[in-house]
Structures are given as structure tokens and as C-alpha cells.
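Listing of query39.tsv; format and content: TSV, C-alpha atoms.
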```tsv
chain	number	residue	atom	x	y	z
A	1	MET	CA	20.92	210.84	15.95
A	2	ALA	CA	18.66	208.11	17.34
A	3	THR	CA	21.61	205.73	17.41
A	4	ARG	CA	23.70	208.19	19.39
A	5	HIS	CA	20.95	208.72	21.94
A	6	GLY	CA	20.54	204.97	22.24
A	7	THR	CA	24.26	204.48	22.83
A	8	ALA	CA	24.34	207.25	25.43
A	9	SER	CA	21.38	205.70	27.22
A	10	GLN	CA	23.09	202.31	27.25
A	11	VAL	CA	26.27	203.81	28.72
A	12	THR	CA	24.33	205.74	31.37
A	13	GLY	CA	22.27	202.67	32.23
A	14	SER	CA	25.38	200.50	32.54
A	15	TYR	CA	26.99	202.98	34.90
A	16	VAL	CA	23.88	203.14	37.08
A	17	GLU	CA	23.94	199.34	37.30
A	18	PHE	CA	27.63	199.50	38.19
A	19	GLN	CA	26.92	201.99	40.98
A	20	ALA	CA	24.20	199.72	42.34
A	21	ALA	CA	26.59	196.75	42.25
A	22	VAL	CA	29.18	198.71	44.24
A	23	LEU	CA	26.57	199.64	46.86
A	24	ARG	CA	25.46	196.02	47.18
A	25	ALA	CA	29.07	194.91	47.63
A	26	LEU	CA	29.81	197.33	50.47
A	27	PRO	CA	30.24	195.45	53.78
A	28	ARG	CA	27.24	195.90	56.07
A	29	SER	CA	29.36	195.02	59.10
A	30	ILE	CA	31.59	198.10	58.82
A	31	ASP	CA	32.16	199.85	62.14
A	32	PRO	CA	30.13	203.10	62.42
A	33	ASP	CA	33.21	205.08	63.45
A	34	VAL	CA	35.15	203.74	60.46
A	35	ALA	CA	32.26	204.64	58.16
A	36	LEU	CA	32.15	208.15	59.64
A	37	GLY	CA	35.89	208.52	59.07
A	38	TRP	CA	35.50	207.67	55.37
A	39	MET	CA	32.58	210.09	55.09
A	40	ARG	CA	34.71	212.90	56.46
A	41	ASN	CA	37.66	212.09	54.20
A	42	GLY	CA	36.18	211.86	50.74
A	43	GLU	CA	39.55	212.42	49.04
A	44	SER	CA	41.08	209.31	50.63
A	45	LEU	CA	37.94	207.29	49.91
A	46	ALA	CA	38.05	208.31	46.25
A	47	ARG	CA	41.73	207.34	46.02
A	48	VAL	CA	41.12	203.91	47.58
A	49	LEU	CA	38.22	203.20	45.23
A	50	ARG	CA	40.19	204.41	42.22
A	51	ASN	CA	43.19	202.21	43.08
A	52	ALA	CA	40.91	199.21	43.61
A	53	LEU	CA	38.79	199.66	40.49
A	54	LEU	CA	41.58	200.93	38.23
A	55	PRO	CA	44.59	198.85	39.36
A	56	ASN	CA	46.80	200.09	36.53
A	57	GLY	CA	45.90	203.69	37.25
A	58	LYS	CA	44.75	204.24	33.69
A	59	GLN	CA	41.60	206.10	32.80
A	60	MET	CA	39.56	205.74	29.61
A	61	ALA	CA	42.34	206.81	27.25
A	62	ASP	CA	45.59	204.88	26.89
A	63	ASN	CA	47.60	208.09	27.24
A	64	THR	CA	45.91	209.23	30.47
A	65	TYR	CA	47.02	208.27	33.98
A	66	SER	CA	45.93	208.97	37.54
A	67	LEU	CA	48.52	210.11	40.07
A	68	PHE	CA	48.81	211.02	43.72
A	69	VAL	CA	51.40	213.78	44.24
A	70	ASP	CA	52.98	214.99	47.48
A	71	TYR	CA	54.34	218.47	46.72
A	72	GLY	CA	55.92	218.69	50.17
A	73	LYS	CA	58.26	215.78	49.47
A	74	SER	CA	61.82	216.80	48.65
A	75	VAL	CA	63.03	216.27	45.10
A	76	GLU	CA	65.85	214.13	46.45
A	77	ASP	CA	63.45	211.77	48.24
A	78	ALA	CA	61.20	211.56	45.18
A	79	VAL	CA	64.20	210.68	43.00
A	80	LYS	CA	65.22	207.90	45.39
A	81	LEU	CA	61.72	206.43	45.35
A	82	GLY	CA	61.84	206.35	41.56
A	83	LEU	CA	64.70	203.81	41.60
A	84	TYR	CA	66.25	205.21	38.41
A	85	ASP	CA	69.28	203.49	36.92
A	86	CYS	CA	70.79	206.90	36.16
A	87	ALA	CA	69.65	210.23	37.64
A	88	SER	CA	71.23	213.59	36.86
A	89	GLY	CA	72.59	215.46	39.88
A	90	ASP	CA	71.09	218.62	38.39
A	91	VAL	CA	67.63	217.36	39.34
A	92	ASN	CA	67.51	218.57	42.94
A	93	SER	CA	65.52	220.80	45.29
A	94	LYS	CA	67.84	223.77	44.78
A	95	ASN	CA	67.47	223.86	41.01
A	96	PHE	CA	63.81	222.92	40.81
A	97	THR	CA	61.47	224.54	43.32
A	98	THR	CA	57.68	224.50	43.40
A	99	LYS	CA	55.04	226.90	44.66
A	100	ARG	CA	52.52	224.10	45.04
A	101	ILE	CA	51.81	222.79	48.52
A	102	GLY	CA	50.06	219.83	50.08
A	103	LYS	CA	48.98	216.66	48.33
A	104	ALA	CA	46.73	216.12	45.35
A	105	ASP	CA	45.13	213.53	43.11
A	106	ILE	CA	45.71	214.58	39.51
A	107	THR	CA	45.18	213.27	36.00
A	108	VAL	CA	48.18	213.31	33.69
A	109	GLU	CA	47.94	213.09	29.93
A	110	LEU	CA	50.95	212.17	27.79
A	111	VAL	CA	50.48	214.37	24.74
A	112	HIS	CA	52.00	213.12	21.48
A	113	PHE	CA	52.29	215.28	18.36
A	114	HIS	CA	53.58	212.56	15.99
A	115	ARG	CA	56.11	215.01	14.52
A	116	TYR	CA	59.00	217.28	15.42
A	117	VAL	CA	57.66	220.16	17.49
A	118	SER	CA	58.98	223.27	19.25
A	119	THR	CA	58.49	224.09	22.92
A	120	SER	CA	56.29	227.08	22.08
A	121	GLU	CA	54.05	224.90	19.90
A	122	VAL	CA	53.63	222.40	22.72
A	123	LEU	CA	52.71	225.08	25.27
A	124	ARG	CA	50.16	226.66	22.93
A	125	ALA	CA	48.57	223.30	22.15
A	126	LEU	CA	48.24	222.26	25.80
A	127	ASP	CA	46.27	225.40	26.61
A	128	THR	CA	43.65	224.84	23.91
A	129	ALA	CA	40.10	223.58	24.43
A	130	ARG	CA	41.16	220.20	23.04
A	131	HIS	CA	43.54	219.42	25.88
A	132	ARG	CA	42.70	221.92	28.68
A	133	CYS	CA	46.01	221.11	30.35
A	134	ARG	CA	49.02	222.78	31.88
A	135	PRO	CA	52.56	221.41	31.47
A	136	ALA	CA	53.51	219.00	34.25
A	137	GLU	CA	56.06	220.02	36.88
A	138	LEU	CA	58.96	218.02	38.30
A	139	HIS	CA	57.11	216.65	41.35
A	140	GLU	CA	54.41	215.34	39.04
A	141	LEU	CA	56.94	213.85	36.64
A	142	LEU	CA	58.72	212.06	39.50
A	143	ALA	CA	55.43	210.72	40.85
A	144	PHE	CA	54.71	209.40	37.35
A	145	GLY	CA	58.12	207.75	37.10
A	146	GLN	CA	57.62	206.04	40.45
A	147	LYS	CA	54.12	204.71	39.72
A	148	TYR	CA	54.57	203.84	36.04
A	149	PRO	CA	58.26	202.89	35.68
A	150	GLU	CA	57.79	200.90	32.48
A	151	VAL	CA	56.31	203.75	30.42
A	152	GLN	CA	59.50	205.82	30.08
A	153	CYS	CA	61.25	202.83	28.51
A	154	LYS	CA	58.94	203.24	25.51
A	155	PHE	CA	59.53	206.95	24.85
A	156	PRO	CA	60.92	210.11	26.53
A	157	ILE	CA	58.48	211.99	28.79
A	158	VAL	CA	59.09	215.73	29.18
A	159	ALA	CA	57.84	218.08	31.93
A	160	LEU	CA	57.87	221.64	30.57
A	161	GLY	CA	56.33	223.10	33.74
A	162	SER	CA	59.59	223.15	35.74
A	163	ILE	CA	62.52	225.22	34.46
A	164	TRP	CA	66.07	225.57	35.77
A	165	ARG	CA	68.73	227.98	34.48
A	166	ASN	CA	72.19	226.42	34.48
A	167	GLN	CA	75.49	228.29	34.94
A	168	GLU	CA	75.40	229.48	31.34
A	169	GLY	CA	71.89	230.86	31.83
A	170	THR	CA	70.37	228.20	29.60
A	171	ARG	CA	66.88	227.09	30.55
A	172	MET	CA	66.62	223.35	31.19
A	173	VAL	CA	63.65	221.06	31.86
A	174	PRO	CA	63.48	217.56	33.39
A	175	TYR	CA	62.52	214.47	31.44
A	176	LEU	CA	62.29	210.72	31.87
A	177	GLY	CA	64.01	208.50	29.34
A	178	GLY	CA	65.00	204.91	28.82
A	179	ASP	CA	67.53	202.72	27.11
A	180	GLY	CA	66.09	199.26	26.84
A	181	SER	CA	65.15	198.27	30.37
A	182	LYS	CA	67.24	201.01	32.00
A	183	ARG	CA	65.47	204.14	33.21
A	184	ASN	CA	67.01	207.60	33.23
A	185	LEU	CA	66.17	210.97	34.77
A	186	ALA	CA	67.88	213.94	33.13
A	187	THR	CA	67.50	217.53	31.90
A	188	HIS	CA	67.24	218.98	28.40
A	189	TYR	CA	67.22	222.39	26.74
A	190	TRP	CA	63.87	224.16	27.15
A	191	ILE	CA	63.95	226.43	24.11
A	192	ASN	CA	65.53	226.56	20.64
A	193	VAL	CA	64.96	222.85	20.28
A	194	ALA	CA	62.90	220.66	18.00
A	195	TRP	CA	61.59	217.85	20.15
A	196	GLY	CA	61.71	214.48	18.40
A	197	GLU	CA	58.51	212.91	17.13
A	198	ILE	CA	58.88	210.10	19.68
A	199	CYS	CA	58.61	212.51	22.65
A	200	ARG	CA	55.58	212.72	24.91
A	201	PHE	CA	54.78	215.79	26.98
A	202	ALA	CA	53.35	215.26	30.45
A	203	ALA	CA	50.38	217.54	31.00
A	204	VAL	CA	48.04	217.93	33.97
A	205	ARG	CA	44.31	218.22	33.39
A	206	LYS	CA	42.92	221.55	34.63
```
For the structure just supplied, provide its representation as C-alpha cells.
Amino acid sequence: MATRHGTASQVTGSYVEFQAAVLRALPRSIDPDVALGWMRNGESLARVLRNALLPNGKQMADNTYSLFVDYGKSVEDAVKLGLYDCASGDVNSKNFTTKRIGKADITVELVHFHRYVSTSEVLRALDTARHRCRPAELHELLAFGQKYPEVQCKFPIVALGSIWRNQEGTRMVPYLGGDGSKRNLATHYWINVAWGEICRFAAVRK
């Protein structure tokens, strides 16, 4: 136990030193009006600091990523910004709507089960104390594809939080995939499917 307390103290002490270093590095010549503007817009300030201090957007875990999402952006515009080599025409604003509004900084975790898994198993697992997540929606998936284009070339990334029923009434969900260096955006069956062990499921931290 003593070792754990010692380690925790070292981590806390290091972070305090880091905070002090950041304060010392802040420019003293900053215009008062500019400083006031940052004070009144803490969300933007946090995003600027995060982008500067975490240039790859990654947090402590390799499967966790920071994202900025604009829920007011049309699906079509978000798809264009993603620069996909192949994008399904089914992924559009008519088929995939969202009730979320505004803009948000979120943390996305790519959950991997290391085995074949059903949709219901994934949803149950995401809602447990271990993950404390909800399944990502299309806007969040597209923001991920735009900011981290190389990741989907390693494995498929599924967003179970957005569902579209096709003409046959089958529920479909969007996913990002890759074939070598080519990047794809498509849809897949939501239920009655065993997701391959290579799949990752995009989840948003609550």
C-alpha cells in the first residue's frame, strides 16, 4: 500500500509542477481584452490547450480519442470533409437524423472485444461501470473519420447509436472501413449479426 501511495503522490506532484510550468509560460504581454475573452469562453480555451498539448488528440489510453463535433453540420457536408475514397449514398441527412444540437467536445473510446460479438452484447457492455459509455452516433463517427483518417485503415469502426431502416425494413448502422490505404464509409446490418473480432465500436464517454 505504501508503494501505491508513493506512486500517487509522485503523479500528483508531477502534475502540479506541470501546471506551474504552463502558468510560467503564459505570455505576460497578452492584451487584457483578449484575456477577458478567453476567460469568458472556457470551452474554446480548453480546446486550444488540448490541441496544443495533445497534438494527436489521444488521451492516456491508446483506444481513446478527443473530438470536436458540430451536430448542426449536415451529414453531406461532414461526409465531404472526410475525403473518403468510397462513401455509400445511404449515409445522408434523410436516413440518419440526430436530436443533438450545438457543438461539443467529446471523448470517444474504440471498444474491442477480441472475439465475435452480437449487437446486444456490445450495447450491454458499453453501459456497464467499466466503460460508462453510450454508442457513438453518425455525426461523431464522421468527425472521427475526418480527424483520424488513418485509424479506419487498421480495422472497421462501427457506430451503433445511429440506425436507419432501409426499404425492406432492415435496421442498418454506419461504419468506417478500409482496404489498404483506401477509406470507406458504408452501412451494415444492426441486428442478427455476429460482428467480427477485428471490429471496434465507437463509444462516447458519459
Select from range 89-205 of chain A every residue with an atom at most 6 Å from any atom of range 62-69 of chain A, then for each give the shortest pair of atoms and their distance in Å to one decimal, using all atoms listed in the file, rows by chain and rising number, as a Markdown table.
```
| residue | atom | partner | partner_atom | distance |
| --- | --- | --- | --- | --- |
| A:Lys103 | CA | A:Val69 | CA | 5.6 |
| A:Ala104 | CA | A:Val69 | CA | 5.3 |
| A:Asp105 | CA | A:Phe68 | CA | 4.5 |
| A:Ile106 | CA | A:Leu67 | CA | 5.3 |
| A:Thr107 | CA | A:Ser66 | CA | 4.6 |
| A:Val108 | CA | A:Tyr65 | CA | 5.2 |
| A:Glu109 | CA | A:Thr64 | CA | 4.4 |
| A:Leu110 | CA | A:Asn63 | CA | 5.3 |
```
Based on the selection just made, write C-alpha atoms of those residues as a tab-separated table (two decimals), in the frame of the given file.
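The new file part-v8.tsv reads:
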```tsv
chain	number	residue	atom	x	y	z
A	103	LYS	CA	48.98	216.66	48.33
A	104	ALA	CA	46.73	216.12	45.35
A	105	ASP	CA	45.13	213.53	43.11
A	106	ILE	CA	45.71	214.58	39.51
A	107	THR	CA	45.18	213.27	36.00
A	108	VAL	CA	48.18	213.31	33.69
A	109	GLU	CA	47.94	213.09	29.93
A	110	LEU	CA	50.95	212.17	27.79
```
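CA of Ile191 in chain A is found 24.2 Å from CA of Asp179 in chain A.
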(message) Given all atoms listed in the file as the basis, pick out the residue of A:Met172, A:Leu26, A:Ala87, A:Val117 nearest to Leu142 in chain A.
(response) A:Ala87
(message) Nearest residue to Ala136 in chain A out of A:Val79, A:Val22, A:Met39, A:Leu123, using only C-alpha atoms?
(response) A:Leu123
(message) Need the shell around Ala125 in chain A: protein/DNA/RNA residues with any atom at most 12 Å away, counting all atoms listed in the file. Skip same-chain ones fewer than 2 positions apart. Format as a list of chain:residue names?
(response)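 With the cut-off at 12 Å, the set is A:Val111, A:His112, A:Phe113, A:Val117, A:Ser118, A:Thr119, A:Ser120, A:Glu121, A:Val122, A:Leu123, A:Asp127, A:Thr128, A:Ala129, A:Arg130, A:His131, A:Arg132, A:Cys133, A:Arg134, A:Pro135, A:Phe201, A:Ala203.
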Emit the selected residues as a PDB file, keeping the file's coordinate frame, including C-alpha atoms.
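This went into result.pdb:
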```
ATOM      1  CA  VAL A 111      50.480 214.370  24.740  1.00  0.00           C
ATOM      2  CA  HIS A 112      52.000 213.120  21.480  1.00  0.00           C
ATOM      3  CA  PHE A 113      52.290 215.280  18.360  1.00  0.00           C
ATOM      4  CA  VAL A 117      57.660 220.160  17.490  1.00  0.00           C
ATOM      5  CA  SER A 118      58.980 223.270  19.250  1.00  0.00           C
ATOM      6  CA  THR A 119      58.490 224.090  22.920  1.00  0.00           C
ATOM      7  CA  SER A 120      56.290 227.080  22.080  1.00  0.00           C
ATOM      8  CA  GLU A 121      54.050 224.900  19.900  1.00  0.00           C
ATOM      9  CA  VAL A 122      53.630 222.400  22.720  1.00  0.00           C
ATOM     10  CA  LEU A 123      52.710 225.080  25.270  1.00  0.00           C
ATOM     11  CA  ASP A 127      46.270 225.400  26.610  1.00  0.00           C
ATOM     12  CA  THR A 128      43.650 224.840  23.910  1.00  0.00           C
ATOM     13  CA  ALA A 129      40.100 223.580  24.430  1.00  0.00           C
ATOM     14  CA  ARG A 130      41.160 220.200  23.040  1.00  0.00           C
ATOM     15  CA  HIS A 131      43.540 219.420  25.880  1.00  0.00           C
ATOM     16  CA  ARG A 132      42.700 221.920  28.680  1.00  0.00           C
ATOM     17  CA  CYS A 133      46.010 221.110  30.350  1.00  0.00           C
ATOM     18  CA  ARG A 134      49.020 222.780  31.880  1.00  0.00           C
ATOM     19  CA  PRO A 135      52.560 221.410  31.470  1.00  0.00           C
ATOM     20  CA  PHE A 201      54.780 215.790  26.980  1.00  0.00           C
ATOM     21  CA  ALA A 203      50.380 217.540  31.000  1.00  0.00           C
TER      22      ALA A 203
END
```
(request) Enter the distance from CA of Ala194 in chain A to CA of Leu141 in chain A, in Å, rounded to one decimal. (result)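 Interatomic distance, CA of Ala194 in chain A to CA of Leu141 in chain A: 20.7 Å.
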(request) Using only C-alpha atoms, pick whichever of A:Trp190, A:Pro174, A:Gly180, A:Asp77 has the shortest atom-to-atom distance to Gln146 in chain A. (result) A:Asp77
(message) Restricting the calculation to all atoms listed in the file: of A:Arg100, A:Lys206, A:Arg171, A:Lys147, which residue gets closest to Gly82 in chain A?
(response) A:Lys147
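In this structure, CA of Ile157 in chain A sits 4.9 Å away from CA of Arg200 in chain A.
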(message) Using only C-alpha atoms, can you tell me which of A:Ile101, A:Asn95, A:Asp85, A:Gln167 comes closest to Gly72 in chain A?
(response)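 Of A:Ile101, A:Asn95, A:Asp85, A:Gln167, the one nearest Gly72 in chain A is A:Ile101, counting only C-alpha atoms.
For the choices A:Tyr189, A:Glu140, A:Glu150, A:Arg115, the atom-to-atom distance to Gly169 in chain A is smallest for A:Tyr189 when using only C-alpha atoms.
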